[in-house]
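Shown here: protein_2.json, JSON, C-alpha atoms and all ligand atoms.
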[["chain", "number", "residue", "atom", "x", "y", "z"],
["D", 1, "MET", "CA", -23.87, -7.55, -1.49],
["D", 2, "LYS", "CA", -26.18, -7.13, -4.44],
["D", 3, "SER", "CA", -25.33, -4.33, -6.84],
["D", 4, "SER", "CA", -27.38, -1.19, -6.37],
["D", 5, "VAL", "CA", -26.95, -0.40, -10.08],
["D", 6, "PRO", "CA", -30.19, -0.95, -12.01],
["D", 7, "PHE", "CA", -28.55, -1.28, -15.46],
["D", 8, "ARG", "CA", -26.53, -3.91, -17.28],
["D", 9, "TRP", "CA", -23.05, -3.36, -18.70],
["D", 10, "GLN", "CA", -23.34, -2.67, -22.42],
["D", 11, "ARG", "CA", -19.81, -2.00, -23.65],
["D", 12, "LYS", "CA", -17.65, -4.46, -25.56],
["D", 13, "ASP", "CA", -14.41, -2.87, -24.31],
["D", 14, "LEU", "CA", -12.85, -0.96, -21.43],
["D", 15, "VAL", "CA", -10.55, 1.68, -22.87],
["D", 16, "GLY", "CA", -10.79, 4.54, -20.38],
["D", 17, "LEU", "CA", -12.73, 6.10, -17.51],
["D", 18, "ARG", "CA", -13.24, 9.52, -19.06],
["D", 19, "ASP", "CA", -16.25, 8.45, -21.13],
["D", 20, "LEU", "CA", -17.82, 6.11, -18.58],
["D", 21, "GLU", "CA", -20.92, 7.00, -16.62],
["D", 22, "ARG", "CA", -20.85, 7.00, -12.84],
["D", 23, "TRP", "CA", -23.19, 3.97, -12.76],
["D", 24, "GLU", "CA", -20.71, 2.01, -14.90],
["D", 25, "LEU", "CA", -17.97, 2.64, -12.35],
["D", 26, "ASP", "CA", -20.36, 1.62, -9.56],
["D", 27, "LEU", "CA", -21.26, -1.54, -11.44],
["D", 28, "ILE", "CA", -17.61, -2.63, -11.68],
["D", 29, "LEU", "CA", -16.80, -1.65, -8.08],
["D", 30, "ASP", "CA", -19.94, -3.40, -6.74],
["D", 31, "ARG", "CA", -18.94, -6.50, -8.68],
["D", 32, "ALA", "CA", -15.42, -6.30, -7.23],
["D", 33, "PHE", "CA", -16.83, -6.25, -3.69],
["D", 34, "GLN", "CA", -18.86, -9.37, -4.59],
["D", 35, "VAL", "CA", -15.73, -11.02, -6.02],
["D", 36, "ARG", "CA", -13.86, -10.39, -2.80],
["D", 37, "LYS", "CA", -16.59, -12.02, -0.70],
["D", 38, "ARG", "CA", -16.68, -15.33, -2.52],
["D", 39, "PRO", "CA", -14.14, -18.18, -2.50],
["D", 40, "LYS", "CA", -11.05, -17.48, -4.62],
["D", 41, "ASP", "CA", -11.86, -20.33, -7.02],
["D", 42, "PRO", "CA", -15.47, -19.80, -8.07],
["D", 43, "HIS", "CA", -17.64, -22.83, -8.90],
["D", 44, "GLU", "CA", -18.82, -21.18, -12.04],
["D", 45, "LEU", "CA", -16.12, -20.29, -14.53],
["D", 46, "PRO", "CA", -17.47, -17.45, -16.65],
["D", 47, "LEU", "CA", -14.41, -17.49, -18.91],
["D", 48, "ALA", "CA", -14.27, -21.27, -19.45],
["D", 49, "GLY", "CA", -13.54, -21.94, -23.11],
["D", 50, "LYS", "CA", -12.56, -18.30, -23.66],
["D", 51, "THR", "CA", -9.10, -17.06, -24.59],
["D", 52, "VAL", "CA", -7.55, -13.97, -23.02],
["D", 53, "VAL", "CA", -4.35, -12.64, -24.59],
["D", 54, "LEU", "CA", -2.13, -10.41, -22.46],
["D", 55, "PHE", "CA", -0.32, -8.26, -25.00],
["D", 56, "PHE", "CA", 2.24, -6.06, -23.28],
["D", 57, "VAL", "CA", 4.37, -3.81, -25.47],
["D", 58, "GLU", "CA", 5.71, -1.96, -22.38],
["D", 59, "PRO", "CA", 7.11, -3.40, -19.12],
["D", 60, "SER", "CA", 4.68, -4.39, -16.37],
["D", 61, "THR", "CA", 4.67, -6.42, -13.17],
["D", 62, "ARG", "CA", 1.46, -5.76, -11.21],
["D", 63, "THR", "CA", -0.95, -5.17, -14.06],
["D", 64, "ARG", "CA", 0.17, -8.17, -16.11],
["D", 65, "ILE", "CA", 0.34, -10.63, -13.25],
["D", 66, "SER", "CA", -2.94, -9.52, -11.70],
["D", 67, "PHE", "CA", -4.73, -9.89, -15.06],
["D", 68, "GLU", "CA", -3.18, -13.33, -15.45],
["D", 69, "ILE", "CA", -4.29, -14.46, -11.98],
["D", 70, "ALA", "CA", -7.77, -13.00, -12.55],
["D", 71, "ALA", "CA", -8.25, -14.59, -15.98],
["D", 72, "ARG", "CA", -7.04, -18.02, -14.79],
["D", 73, "ARG", "CA", -9.33, -17.92, -11.77],
["D", 74, "LEU", "CA", -12.25, -17.34, -14.12],
["D", 75, "GLY", "CA", -11.29, -20.39, -16.17],
["D", 76, "ALA", "CA", -9.84, -18.65, -19.24],
["D", 77, "ASN", "CA", -7.14, -19.95, -21.48],
["D", 78, "VAL", "CA", -4.45, -17.27, -20.95],
["D", 79, "LEU", "CA", -1.74, -16.48, -23.47],
["D", 80, "ALA", "CA", 0.97, -13.87, -23.09],
["D", 81, "LEU", "CA", 2.60, -11.97, -25.91],
["D", 82, "GLU", "CA", 5.29, -9.37, -25.43],
["D", 83, "GLY", "CA", 6.14, -6.50, -27.75],
["D", 84, "GLY", "CA", 9.80, -7.43, -27.99],
["D", 85, "THR", "CA", 9.14, -11.01, -29.07],
["D", 86, "SER", "CA", 6.08, -10.42, -31.26],
["D", 87, "SER", "CA", 6.00, -9.74, -35.00],
["D", 88, "LEU", "CA", 5.77, -6.01, -34.24],
["D", 89, "GLN", "CA", 9.57, -6.33, -34.28],
["D", 90, "LYS", "CA", 9.38, -7.51, -37.89],
["D", 91, "GLY", "CA", 7.33, -4.52, -38.98],
["D", 92, "GLU", "CA", 3.80, -5.86, -38.68],
["D", 93, "THR", "CA", 1.28, -3.22, -37.60],
["D", 94, "LEU", "CA", -0.32, -3.53, -34.18],
["D", 95, "LEU", "CA", -3.74, -3.80, -35.83],
["D", 96, "ASP", "CA", -2.60, -6.67, -38.05],
["D", 97, "THR", "CA", -0.99, -8.51, -35.11],
["D", 98, "VAL", "CA", -4.21, -8.28, -33.09],
["D", 99, "ARG", "CA", -6.26, -9.19, -36.18],
["D", 100, "ASN", "CA", -4.32, -12.46, -36.18],
["D", 101, "LEU", "CA", -5.05, -13.01, -32.49],
["D", 102, "GLN", "CA", -8.73, -12.55, -33.35],
["D", 103, "ALA", "CA", -8.43, -15.05, -36.19],
["D", 104, "PHE", "CA", -7.08, -17.50, -33.58],
["D", 105, "ASP", "CA", -10.37, -17.03, -31.69],
["D", 106, "ALA", "CA", -9.01, -14.80, -28.91],
["D", 107, "ASP", "CA", -11.99, -13.30, -27.06],
["D", 108, "ILE", "CA", -10.32, -10.58, -25.01],
["D", 109, "VAL", "CA", -7.02, -8.77, -25.55],
["D", 110, "VAL", "CA", -5.51, -6.89, -22.63],
["D", 111, "LEU", "CA", -3.20, -4.34, -24.23],
["D", 112, "ARG", "CA", -0.44, -2.19, -22.80],
["D", 113, "HIS", "CA", 1.16, 0.12, -25.33],
["D", 114, "TRP", "CA", 3.34, 3.22, -25.25],
["D", 115, "ALA", "CA", 1.16, 5.04, -27.80],
["D", 116, "ALA", "CA", -1.90, 6.88, -26.48],
["D", 117, "GLY", "CA", -5.12, 5.84, -28.21],
["D", 118, "THR", "CA", -4.05, 2.40, -29.46],
["D", 119, "PRO", "CA", -6.71, 0.48, -27.44],
["D", 120, "THR", "CA", -9.44, 2.75, -28.81],
["D", 121, "VAL", "CA", -8.33, 2.16, -32.41],
["D", 122, "LEU", "CA", -8.28, -1.62, -31.93],
["D", 123, "ALA", "CA", -11.62, -1.59, -30.09],
["D", 124, "ARG", "CA", -13.27, 0.24, -33.00],
["D", 125, "ARG", "CA", -11.80, -1.94, -35.72],
["D", 126, "LEU", "CA", -12.06, -5.42, -34.20],
["D", 127, "GLN", "CA", -14.80, -7.63, -32.76],
["D", 128, "LEU", "CA", -12.82, -9.01, -29.81],
["D", 129, "ALA", "CA", -13.02, -7.17, -26.48],
["D", 130, "VAL", "CA", -10.15, -4.77, -25.77],
["D", 131, "VAL", "CA", -9.04, -3.86, -22.26],
["D", 132, "ASN", "CA", -6.64, -0.97, -21.90],
["D", 133, "ALA", "CA", -3.83, -1.91, -19.51],
["D", 134, "GLY", "CA", -2.17, 1.50, -19.97],
["D", 135, "ASP", "CA", -1.70, 3.53, -23.18],
["D", 136, "GLY", "CA", 1.12, 6.07, -23.11],
["D", 137, "ALA", "CA", 0.30, 8.99, -20.83],
["D", 138, "HIS", "CA", -3.39, 8.69, -21.70],
["D", 139, "GLU", "CA", -5.38, 6.26, -19.51],
["D", 140, "HIS", "CA", -4.96, 3.31, -17.18],
["D", 141, "PRO", "CA", -8.59, 2.53, -16.30],
["D", 142, "THR", "CA", -8.05, -0.76, -14.47],
["D", 143, "GLN", "CA", -5.44, 0.78, -12.16],
["D", 144, "ALA", "CA", -7.73, 3.71, -11.35],
["D", 145, "LEU", "CA", -10.60, 1.30, -10.64],
["D", 146, "ALA", "CA", -8.31, -0.60, -8.23],
["D", 147, "ASP", "CA", -7.49, 2.75, -6.60],
["D", 148, "LEU", "CA", -11.18, 3.74, -6.35],
["D", 149, "PHE", "CA", -11.94, 0.31, -4.88],
["D", 150, "THR", "CA", -9.20, 0.82, -2.25],
["D", 151, "ILE", "CA", -10.60, 4.22, -1.31],
["D", 152, "ARG", "CA", -14.20, 2.97, -1.06],
["D", 153, "ASP", "CA", -13.07, -0.10, 0.88],
["D", 154, "ARG", "CA", -11.02, 1.89, 3.39],
["D", 155, "LEU", "CA", -13.12, 5.03, 3.73],
["D", 156, "GLY", "CA", -16.59, 3.65, 2.98],
["D", 157, "GLN", "CA", -17.20, 6.04, 0.08],
["D", 158, "ILE", "CA", -15.53, 8.03, -2.68],
["D", 159, "GLU", "CA", -17.99, 10.94, -2.73],
["D", 160, "GLY", "CA", -16.44, 14.13, -1.38],
["D", 161, "VAL", "CA", -13.19, 12.43, -0.29],
["D", 162, "ARG", "CA", -10.18, 14.75, -0.34],
["D", 163, "VAL", "CA", -7.60, 13.18, -2.65],
["D", 164, "THR", "CA", -4.21, 14.73, -3.38],
["D", 165, "ILE", "CA", -2.25, 13.39, -6.36],
["D", 166, "VAL", "CA", 1.46, 14.24, -6.29],
["D", 167, "GLY", "CA", 4.23, 14.08, -8.87],
["D", 168, "ASP", "CA", 4.61, 13.66, -12.60],
["D", 169, "ILE", "CA", 1.02, 14.45, -13.52],
["D", 170, "LEU", "CA", 1.90, 15.45, -17.09],
["D", 171, "TYR", "CA", 3.12, 11.99, -18.11],
["D", 172, "SER", "CA", 0.92, 9.89, -15.84],
["D", 173, "ARG", "CA", -1.94, 7.81, -17.22],
["D", 174, "VAL", "CA", -2.70, 6.77, -13.62],
["D", 175, "ALA", "CA", -3.28, 10.41, -12.67],
["D", 176, "ARG", "CA", -5.59, 10.98, -15.63],
["D", 177, "SER", "CA", -7.74, 7.89, -15.13],
["D", 178, "ASN", "CA", -7.98, 8.57, -11.39],
["D", 179, "LEU", "CA", -8.94, 12.15, -12.08],
["D", 180, "TRP", "CA", -11.76, 11.17, -14.47],
["D", 181, "GLY", "CA", -12.98, 8.56, -12.00],
["D", 182, "LEU", "CA", -12.76, 10.75, -8.90],
["D", 183, "LEU", "CA", -14.55, 13.66, -10.57],
["D", 184, "LYS", "CA", -17.54, 11.39, -11.30],
["D", 185, "TYR", "CA", -17.85, 10.98, -7.50],
["D", 186, "ASP", "CA", -17.37, 14.70, -6.78],
["D", 187, "ALA", "CA", -14.22, 13.91, -4.83],
["D", 188, "LYS", "CA", -12.17, 16.97, -3.86],
["D", 189, "VAL", "CA", -9.04, 16.56, -5.95],
["D", 190, "THR", "CA", -5.78, 18.48, -5.56],
["D", 191, "LEU", "CA", -2.90, 18.01, -8.01],
["D", 192, "VAL", "CA", 0.62, 18.79, -6.78],
["D", 193, "GLY", "CA", 3.77, 18.96, -8.87],
["D", 194, "PRO", "CA", 6.42, 21.23, -10.33],
["D", 195, "ARG", "CA", 5.18, 23.80, -12.84],
["D", 196, "THR", "CA", 6.71, 21.79, -15.70],
["D", 197, "LEU", "CA", 4.81, 18.60, -14.80],
["D", 198, "LEU", "CA", 1.34, 20.05, -14.12],
["D", 199, "PRO", "CA", -0.63, 20.44, -17.38],
["D", 200, "ARG", "CA", -2.15, 23.89, -17.53],
["D", 201, "SER", "CA", -5.26, 22.55, -19.27],
["D", 202, "PHE", "CA", -6.26, 20.90, -15.98],
["D", 203, "GLY", "CA", -6.82, 24.42, -14.66],
["D", 204, "ASP", "CA", -10.28, 24.34, -16.29],
["D", 205, "LEU", "CA", -11.42, 21.39, -14.17],
["D", 206, "PRO", "CA", -13.13, 21.71, -10.77],
["D", 207, "ILE", "CA", -9.92, 20.78, -8.93],
["D", 208, "ARG", "CA", -7.13, 22.56, -7.10],
["D", 209, "LEU", "CA", -3.62, 22.79, -8.59],
["D", 210, "THR", "CA", -0.61, 23.72, -6.49],
["D", 211, "HIS", "CA", 3.16, 23.57, -6.75],
["D", 212, "SER", "CA", 3.54, 23.32, -2.98],
["D", 213, "LEU", "CA", 3.42, 19.89, -1.35],
["D", 214, "GLU", "CA", 2.86, 21.50, 2.09],
["D", 215, "GLU", "CA", -0.23, 23.26, 0.76],
["D", 216, "GLY", "CA", -1.44, 20.24, -1.22],
["D", 217, "VAL", "CA", -1.47, 17.78, 1.68],
["D", 218, "GLU", "CA", -3.62, 19.97, 3.93],
["D", 219, "GLY", "CA", -6.68, 17.99, 5.02],
["D", 220, "ALA", "CA", -5.94, 15.17, 2.54],
["D", 221, "GLN", "CA", -7.62, 11.83, 3.30],
["D", 222, "VAL", "CA", -5.76, 10.14, 0.45],
["D", 223, "ILE", "CA", -2.37, 11.00, -1.02],
["D", 224, "LEU", "CA", -1.70, 9.21, -4.30],
["D", 225, "LEU", "CA", 1.98, 9.39, -5.21],
["D", 226, "LEU", "CA", 3.30, 8.98, -8.75],
["D", 227, "ARG", "CA", 6.61, 7.77, -10.10],
["D", 228, "ILE", "CA", 8.56, 10.15, -12.33],
["D", 229, "GLN", "CA", 7.93, 8.67, -15.80],
["D", 230, "HIS", "CA", 11.53, 9.07, -16.95],
["D", 231, "GLU", "CA", 10.92, 6.87, -19.99],
["D", 232, "ARG", "CA", 8.50, 9.46, -21.41],
["D", 233, "HIS", "CA", 10.65, 12.53, -20.74],
["D", 234, "ASN", "CA", 12.65, 13.85, -23.65],
["D", 235, "GLN", "CA", 13.98, 16.81, -21.69],
["D", 236, "MET", "CA", 14.76, 17.65, -18.04],
["D", 237, "HIS", "CA", 11.62, 18.88, -16.26],
["D", 238, "PHE", "CA", 13.41, 19.84, -13.03],
["D", 239, "PRO", "CA", 17.01, 20.85, -12.26],
["D", 240, "SER", "CA", 18.00, 17.65, -10.41],
["D", 241, "LEU", "CA", 16.49, 14.61, -8.74],
["D", 242, "ALA", "CA", 17.84, 15.88, -5.40],
["D", 243, "GLU", "CA", 15.81, 19.07, -5.81],
["D", 244, "TYR", "CA", 12.68, 17.13, -6.79],
["D", 245, "VAL", "CA", 13.07, 14.98, -3.68],
["D", 246, "ARG", "CA", 13.56, 18.04, -1.48],
["D", 247, "LEU", "CA", 10.36, 19.67, -2.77],
["D", 248, "TYR", "CA", 8.05, 16.72, -3.55],
["D", 249, "GLN", "CA", 9.06, 13.72, -1.47],
["D", 250, "LEU", "CA", 6.35, 12.90, 1.11],
["D", 251, "ARG", "CA", 7.90, 12.73, 4.57],
["D", 252, "PRO", "CA", 6.52, 12.36, 8.12],
["D", 253, "CYS", "CA", 6.61, 16.17, 8.64],
["D", 254, "HIS", "CA", 3.92, 16.56, 5.95],
["D", 255, "LEU", "CA", 1.46, 14.35, 7.79],
["D", 256, "LYS", "CA", 0.75, 16.89, 10.53],
["D", 257, "LYS", "CA", -1.47, 18.85, 8.16],
["D", 258, "ALA", "CA", -3.13, 15.84, 6.52],
["D", 259, "HIS", "CA", -6.20, 13.97, 7.84],
["D", 260, "PRO", "CA", -5.25, 11.80, 10.86],
["D", 261, "GLU", "CA", -6.46, 8.65, 9.08],
["D", 262, "LEU", "CA", -4.59, 9.44, 5.89],
["D", 263, "LEU", "CA", -4.15, 6.70, 3.28],
["D", 264, "ILE", "CA", -0.88, 6.78, 1.34],
["D", 265, "MET", "CA", -1.28, 5.18, -2.08],
["D", 266, "HIS", "CA", 1.05, 4.51, -5.02],
["D", 267, "PRO", "CA", 0.31, 2.40, -8.12],
["D", 268, "GLY", "CA", 3.90, 1.09, -8.19],
["D", 269, "PRO", "CA", 6.62, 0.70, -9.16],
["D", 270, "VAL", "CA", 7.91, 2.81, -6.26],
["D", 271, "HIS", "CA", 11.29, 4.51, -6.50],
["D", 272, "ARG", "CA", 12.51, 4.01, -2.96],
["D", 273, "ASN", "CA", 13.14, 7.30, -1.14],
["D", 274, "VAL", "CA", 12.05, 9.43, -4.10],
["D", 275, "GLU", "CA", 8.24, 9.74, -4.05],
["D", 276, "LEU", "CA", 8.04, 8.98, -0.33],
["D", 277, "SER", "CA", 10.45, 8.28, 2.51],
["D", 278, "ASP", "CA", 11.03, 4.67, 3.44],
["D", 279, "GLU", "CA", 9.59, 5.41, 6.85],
["D", 280, "LEU", "CA", 6.24, 6.30, 5.31],
["D", 281, "PHE", "CA", 6.37, 3.39, 2.87],
["D", 282, "HIS", "CA", 6.43, 1.07, 5.89],
["D", 283, "SER", "CA", 4.04, 3.13, 8.03],
["D", 284, "SER", "CA", 0.48, 2.16, 8.95],
["D", 285, "HIS", "CA", -0.79, 4.90, 6.59],
["D", 286, "SER", "CA", 0.59, 3.07, 3.56],
["D", 287, "VAL", "CA", -1.88, 0.85, 1.67],
["D", 288, "ILE", "CA", 0.42, 0.40, -1.32],
["D", 289, "LEU", "CA", 0.58, -3.40, -1.25],
["D", 290, "GLU", "CA", -3.13, -3.69, -0.45],
["D", 291, "GLN", "CA", -3.82, -1.47, -3.46],
["D", 292, "ALA", "CA", -1.74, -3.85, -5.64],
["D", 293, "ALA", "CA", -3.60, -6.89, -4.29],
["D", 294, "ASN", "CA", -6.94, -5.14, -4.90],
["D", 295, "GLY", "CA", -5.86, -5.02, -8.54],
["D", 296, "ILE", "CA", -6.59, -8.76, -8.81],
["D", 297, "THR", "CA", -10.07, -8.38, -7.35],
["D", 298, "VAL", "CA", -10.95, -5.45, -9.57],
["D", 299, "ARG", "CA", -9.52, -7.02, -12.74],
["D", 300, "THR", "CA", -11.49, -10.19, -11.98],
["D", 301, "ALA", "CA", -14.64, -8.05, -11.81],
["D", 302, "ILE", "CA", -13.77, -6.31, -15.09],
["D", 303, "LEU", "CA", -13.15, -9.57, -16.97],
["D", 304, "GLU", "CA", -16.40, -11.02, -15.60],
["D", 305, "VAL", "CA", -18.44, -8.02, -16.65],
["D", 306, "LEU", "CA", -16.92, -8.06, -20.15],
["D", 307, "ALA", "CA", -17.39, -11.86, -20.40],
["D", 308, "GLU", "CA", -21.15, -11.39, -20.06],
["D", 309, "ARG", "CA", -21.13, -9.40, -23.29],
["D", 310, "LEU", "CA", -18.98, -11.85, -25.31],
["D", 311, "PRO", "CA", -20.75, -13.47, -28.24],
["D", 312, "ALA", "CA", -21.35, -17.22, -27.87],
["D", 313, "ARG", "CA", -19.12, -19.20, -30.21],
["D", 401, "LIG", "C1", 1.77, 2.41, -13.56],
["D", 401, "LIG", "C2", 1.79, 2.37, -15.08],
["D", 401, "LIG", "O1", 2.33, 1.47, -15.70],
["D", 401, "LIG", "O2", 1.24, 3.30, -15.62],
["D", 401, "LIG", "N1", 2.02, 1.18, -12.96],
["D", 401, "LIG", "C3", 1.03, 0.24, -12.86],
["D", 401, "LIG", "O3", 0.40, -0.14, -13.81],
["D", 401, "LIG", "N2", 0.76, -0.25, -11.63],
["D", 401, "LIG", "C4", 2.55, 3.51, -12.99],
["D", 401, "LIG", "C5", 3.99, 3.69, -13.35],
["D", 401, "LIG", "O4", 4.54, 3.02, -14.21],
["D", 401, "LIG", "O5", 4.60, 4.55, -12.73]]
Would you write out, as structure tokens, the structure that this file holds?
Ligand code: NCD
Amino acid sequence: MKSSVPFRWQRKDLVGLRDLERWELDLILDRAFQVRKRPKDPHELPLAGKTVVLFFVEPSTRTRISFEIAARRLGANVLALEGGTSSLQKGETLLDTVRNLQAFDADIVVLRHWAAGTPTVLARRLQLAVVNAGDGAHEHPTQALADLFTIRDRLGQIEGVRVTIVGDILYSRVARSNLWGLLKYDAKVTLVGPRTLLPRSFGDLPIRLTHSLEEGVEGAQVILLLRIQHERHNQMHFPSLAEYVRLYQLRPCHLKKAHPELLIMHPGPVHRNVELSDELFHSSHSVILEQAANGITVRTAILEVLAERLPAR
């Protein structure tokens, strides 16, 4: 499939979806569909001779491994650096650490950090390409692109699709990036969560907010569930986990009101029997593992697109 997008990618970095144009999302998604069609080991290696550093200052399984698989498939030299074993522990600033990676001729740094905005700061100050692999509760653009890819793949389009996002919206970068992406396609978004975890500022957006899961799942074609981001909570946001589960766990009884071909999505890691019942996790509605696998395809597309903008050395 040839891309229907008439423009070329211009950006050095990918730090978030909020500021991207709709055609830029289409360009990456179209490329991801092309990636999926071709053999896993391409003849051409667009990242041959290039160095990709995976710099993860927060835990990760899916994002880190899928970037590693993607970068290796494209022929890159892949190096991994973790927050706990890097010189950040000795008091070096993040900017100085990444400046050193640049001095070592790294071409792309994939950064996960607990502080919102760190990828943007590095992208502005450095020449290497920066990919945001999740910054605090701010953005997680590559996860949202994998989610958009899954929706388009399964439902044929993203435009007008009814998507319900459930859970810890306040602390979720996945919710934010998905929201910015989905709104560019005029998807019909509903956010569901307890009062304490639904940011009031989202009330100004053309979306529906509700505290009732029963109400929120009505007519939904996609339900995107979110983990409670305990590591970012510095106070209790609900009386007990048992109460949260009673009110916000997705169970078979909720499906009666949803679209018959409902897709259940979750970026992982899943807390078993918290966000959804085990029965639904294993049901035919669940595309959770497919969504994770799509992460490789989409991250391959992202690295390829960014590679085309890298200066020749
Ligand atoms: C998410 C993240 O790290 O933001 N996971 C992921 O990247 N697949 C979601 C989460 O941690 O709950």
Taking all atoms listed in the file into account, report as JSON, numbers by chain which residues have an atom no farther than 7 Å from an atom of ligand LIG 401 (chain D). {"D": [60, 62, 63, 134, 140, 143, 172, 173, 174, 226, 227, 228, 229, 267, 268, 269]}
Saved selection, atoms kept: C-alpha atoms, as an mmCIF file, in the frame of the given file:
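Below is the file that was written, again_17.cif:
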data_model
loop_
_atom_site.group_PDB
_atom_site.id
_atom_site.type_symbol
_atom_site.label_atom_id
_atom_site.label_comp_id
_atom_site.auth_asym_id
_atom_site.auth_seq_id
_atom_site.Cartn_x
_atom_site.Cartn_y
_atom_site.Cartn_z
ATOM 1 C CA SER D 60 4.680 -4.390 -16.370
ATOM 2 C CA ARG D 62 1.460 -5.760 -11.210
ATOM 3 C CA THR D 63 -0.950 -5.170 -14.060
ATOM 4 C CA GLY D 134 -2.170 1.500 -19.970
ATOM 5 C CA HIS D 140 -4.960 3.310 -17.180
ATOM 6 C CA GLN D 143 -5.440 0.780 -12.160
ATOM 7 C CA SER D 172 0.920 9.890 -15.840
ATOM 8 C CA ARG D 173 -1.940 7.810 -17.220
ATOM 9 C CA VAL D 174 -2.700 6.770 -13.620
ATOM 10 C CA LEU D 226 3.300 8.980 -8.750
ATOM 11 C CA ARG D 227 6.610 7.770 -10.100
ATOM 12 C CA ILE D 228 8.560 10.150 -12.330
ATOM 13 C CA GLN D 229 7.930 8.670 -15.800
ATOM 14 C CA PRO D 267 0.310 2.400 -8.120
ATOM 15 C CA GLY D 268 3.900 1.090 -8.190
ATOM 16 C CA PRO D 269 6.620 0.700 -9.160
#
State, in Å with one decimal place, the distance from atom CA of D:Phe55 to atom CA of D:Arg11.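 Taking atom CA of D:Phe55 as the start and atom CA of D:Arg11 as the end point, the length is 20.5 Å.
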Between atom CA of D:His266 and atom CA of D:Val131, what is the distance in Å, rounded to a tenth?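 Calculated distance between atom CA of D:His266 and atom CA of D:Val131 is 21.7 Å.
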Between D:Asp30, D:Asp278, D:Asp204, D:Asp168, which one has atoms that come closest to D:Leu145, using only C-alpha atoms?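 Distance minimum relative to D:Leu145 lands on D:Asp30.
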For D:Asn294, which residue among D:Lys50, D:His230, D:Asp153, D:Leu81 is the nearest when counting only C-alpha atoms?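 Among D:Lys50, D:His230, D:Asp153, D:Leu81, it is D:Asp153 that comes nearest to D:Asn294.
With all atoms listed in the file as the atoms that count, the residue of D:Thr93, D:Ala175, D:Leu247, D:Ala307 with the shortest distance to D:Val109 is D:Ala307.
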When distances are computed from all atoms listed in the file, which of D:Leu183, D:Leu263, D:Ile296, D:Val15 shows the smallest separation from D:Glu68?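 For D:Glu68, the nearest of the given residues is D:Ile296.
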Considering all atoms listed in the file, can you say which of D:Thr164, D:Leu191, D:Leu128, D:Glu58 comes closest to D:His113?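 Smallest distance to D:His113 is found for D:Glu58.
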From the list D:Ile264, D:Leu209, D:Val121, D:Ile158, the nearest residue to D:His282 using all atoms listed in the file is D:Ile264
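Across the structure, atom CA of D:Val53 and atom CA of D:Lys90 are spaced 19.8 Å apart.
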Need the shell around D:Thr150: protein/DNA/RNA residues with any atom at most 12 Å away, counting all atoms listed in the file. Skip same-chain ones fewer than 5 positions apart. Format as a VMD selection string? chain D and resid 29 32 to 33 143 to 145 155 to 158 222 224 263 to 267 286 to 298
Emit the selected residues as a PDB file, keeping the file's coordinate frame, including C-alpha atoms.
ATOM      1  CA  LEU D  29     -16.800  -1.650  -8.080  1.00  0.00           C
ATOM      2  CA  ALA D  32     -15.420  -6.300  -7.230  1.00  0.00           C
ATOM      3  CA  PHE D  33     -16.830  -6.250  -3.690  1.00  0.00           C
ATOM      4  CA  GLN D 143      -5.440   0.780 -12.160  1.00  0.00           C
ATOM      5  CA  ALA D 144      -7.730   3.710 -11.350  1.00  0.00           C
ATOM      6  CA  LEU D 145     -10.600   1.300 -10.640  1.00  0.00           C
ATOM      7  CA  LEU D 155     -13.120   5.030   3.730  1.00  0.00           C
ATOM      8  CA  GLY D 156     -16.590   3.650   2.980  1.00  0.00           C
ATOM      9  CA  GLN D 157     -17.200   6.040   0.080  1.00  0.00           C
ATOM     10  CA  ILE D 158     -15.530   8.030  -2.680  1.00  0.00           C
ATOM     11  CA  VAL D 222      -5.760  10.140   0.450  1.00  0.00           C
ATOM     12  CA  LEU D 224      -1.700   9.210  -4.300  1.00  0.00           C
ATOM     13  CA  LEU D 263      -4.150   6.700   3.280  1.00  0.00           C
ATOM     14  CA  ILE D 264      -0.880   6.780   1.340  1.00  0.00           C
ATOM     15  CA  MET D 265      -1.280   5.180  -2.080  1.00  0.00           C
ATOM     16  CA  HIS D 266       1.050   4.510  -5.020  1.00  0.00           C
ATOM     17  CA  PRO D 267       0.310   2.400  -8.120  1.00  0.00           C
ATOM     18  CA  SER D 286       0.590   3.070   3.560  1.00  0.00           C
ATOM     19  CA  VAL D 287      -1.880   0.850   1.670  1.00  0.00           C
ATOM     20  CA  ILE D 288       0.420   0.400  -1.320  1.00  0.00           C
ATOM     21  CA  LEU D 289       0.580  -3.400  -1.250  1.00  0.00           C
ATOM     22  CA  GLU D 290      -3.130  -3.690  -0.450  1.00  0.00           C
ATOM     23  CA  GLN D 291      -3.820  -1.470  -3.460  1.00  0.00           C
ATOM     24  CA  ALA D 292      -1.740  -3.850  -5.640  1.00  0.00           C
ATOM     25  CA  ALA D 293      -3.600  -6.890  -4.290  1.00  0.00           C
ATOM     26  CA  ASN D 294      -6.940  -5.140  -4.900  1.00  0.00           C
ATOM     27  CA  GLY D 295      -5.860  -5.020  -8.540  1.00  0.00           C
ATOM     28  CA  ILE D 296      -6.590  -8.760  -8.810  1.00  0.00           C
ATOM     29  CA  THR D 297     -10.070  -8.380  -7.350  1.00  0.00           C
ATOM     30  CA  VAL D 298     -10.950  -5.450  -9.570  1.00  0.00           C
TER      31      VAL D 298
END
Shell of 10 Å around D:Thr300, all atoms listed in the file, local chain residues under 3 positions omitted, as an NGL selection string: :D and (28 or 31-32 or 35-36 or 66-74 or 294-297 or 303-305)
Give as a PyMOL selection string the set of residues within 6 Å of the point (-15.7, 15.0, -4.2), where distances use the file's coordinates and all atoms listed in the file. chain D and resi 159-161+185-188
Pick out the residues sitting within 9 Å of D:Val192, and hand them over as a PyMOL selection string; count all atoms listed in the file, and ignore anything fewer than 2 positions along from it in its own chain. chain D and resi 164-169+190+194+198+208-213+215-217+248
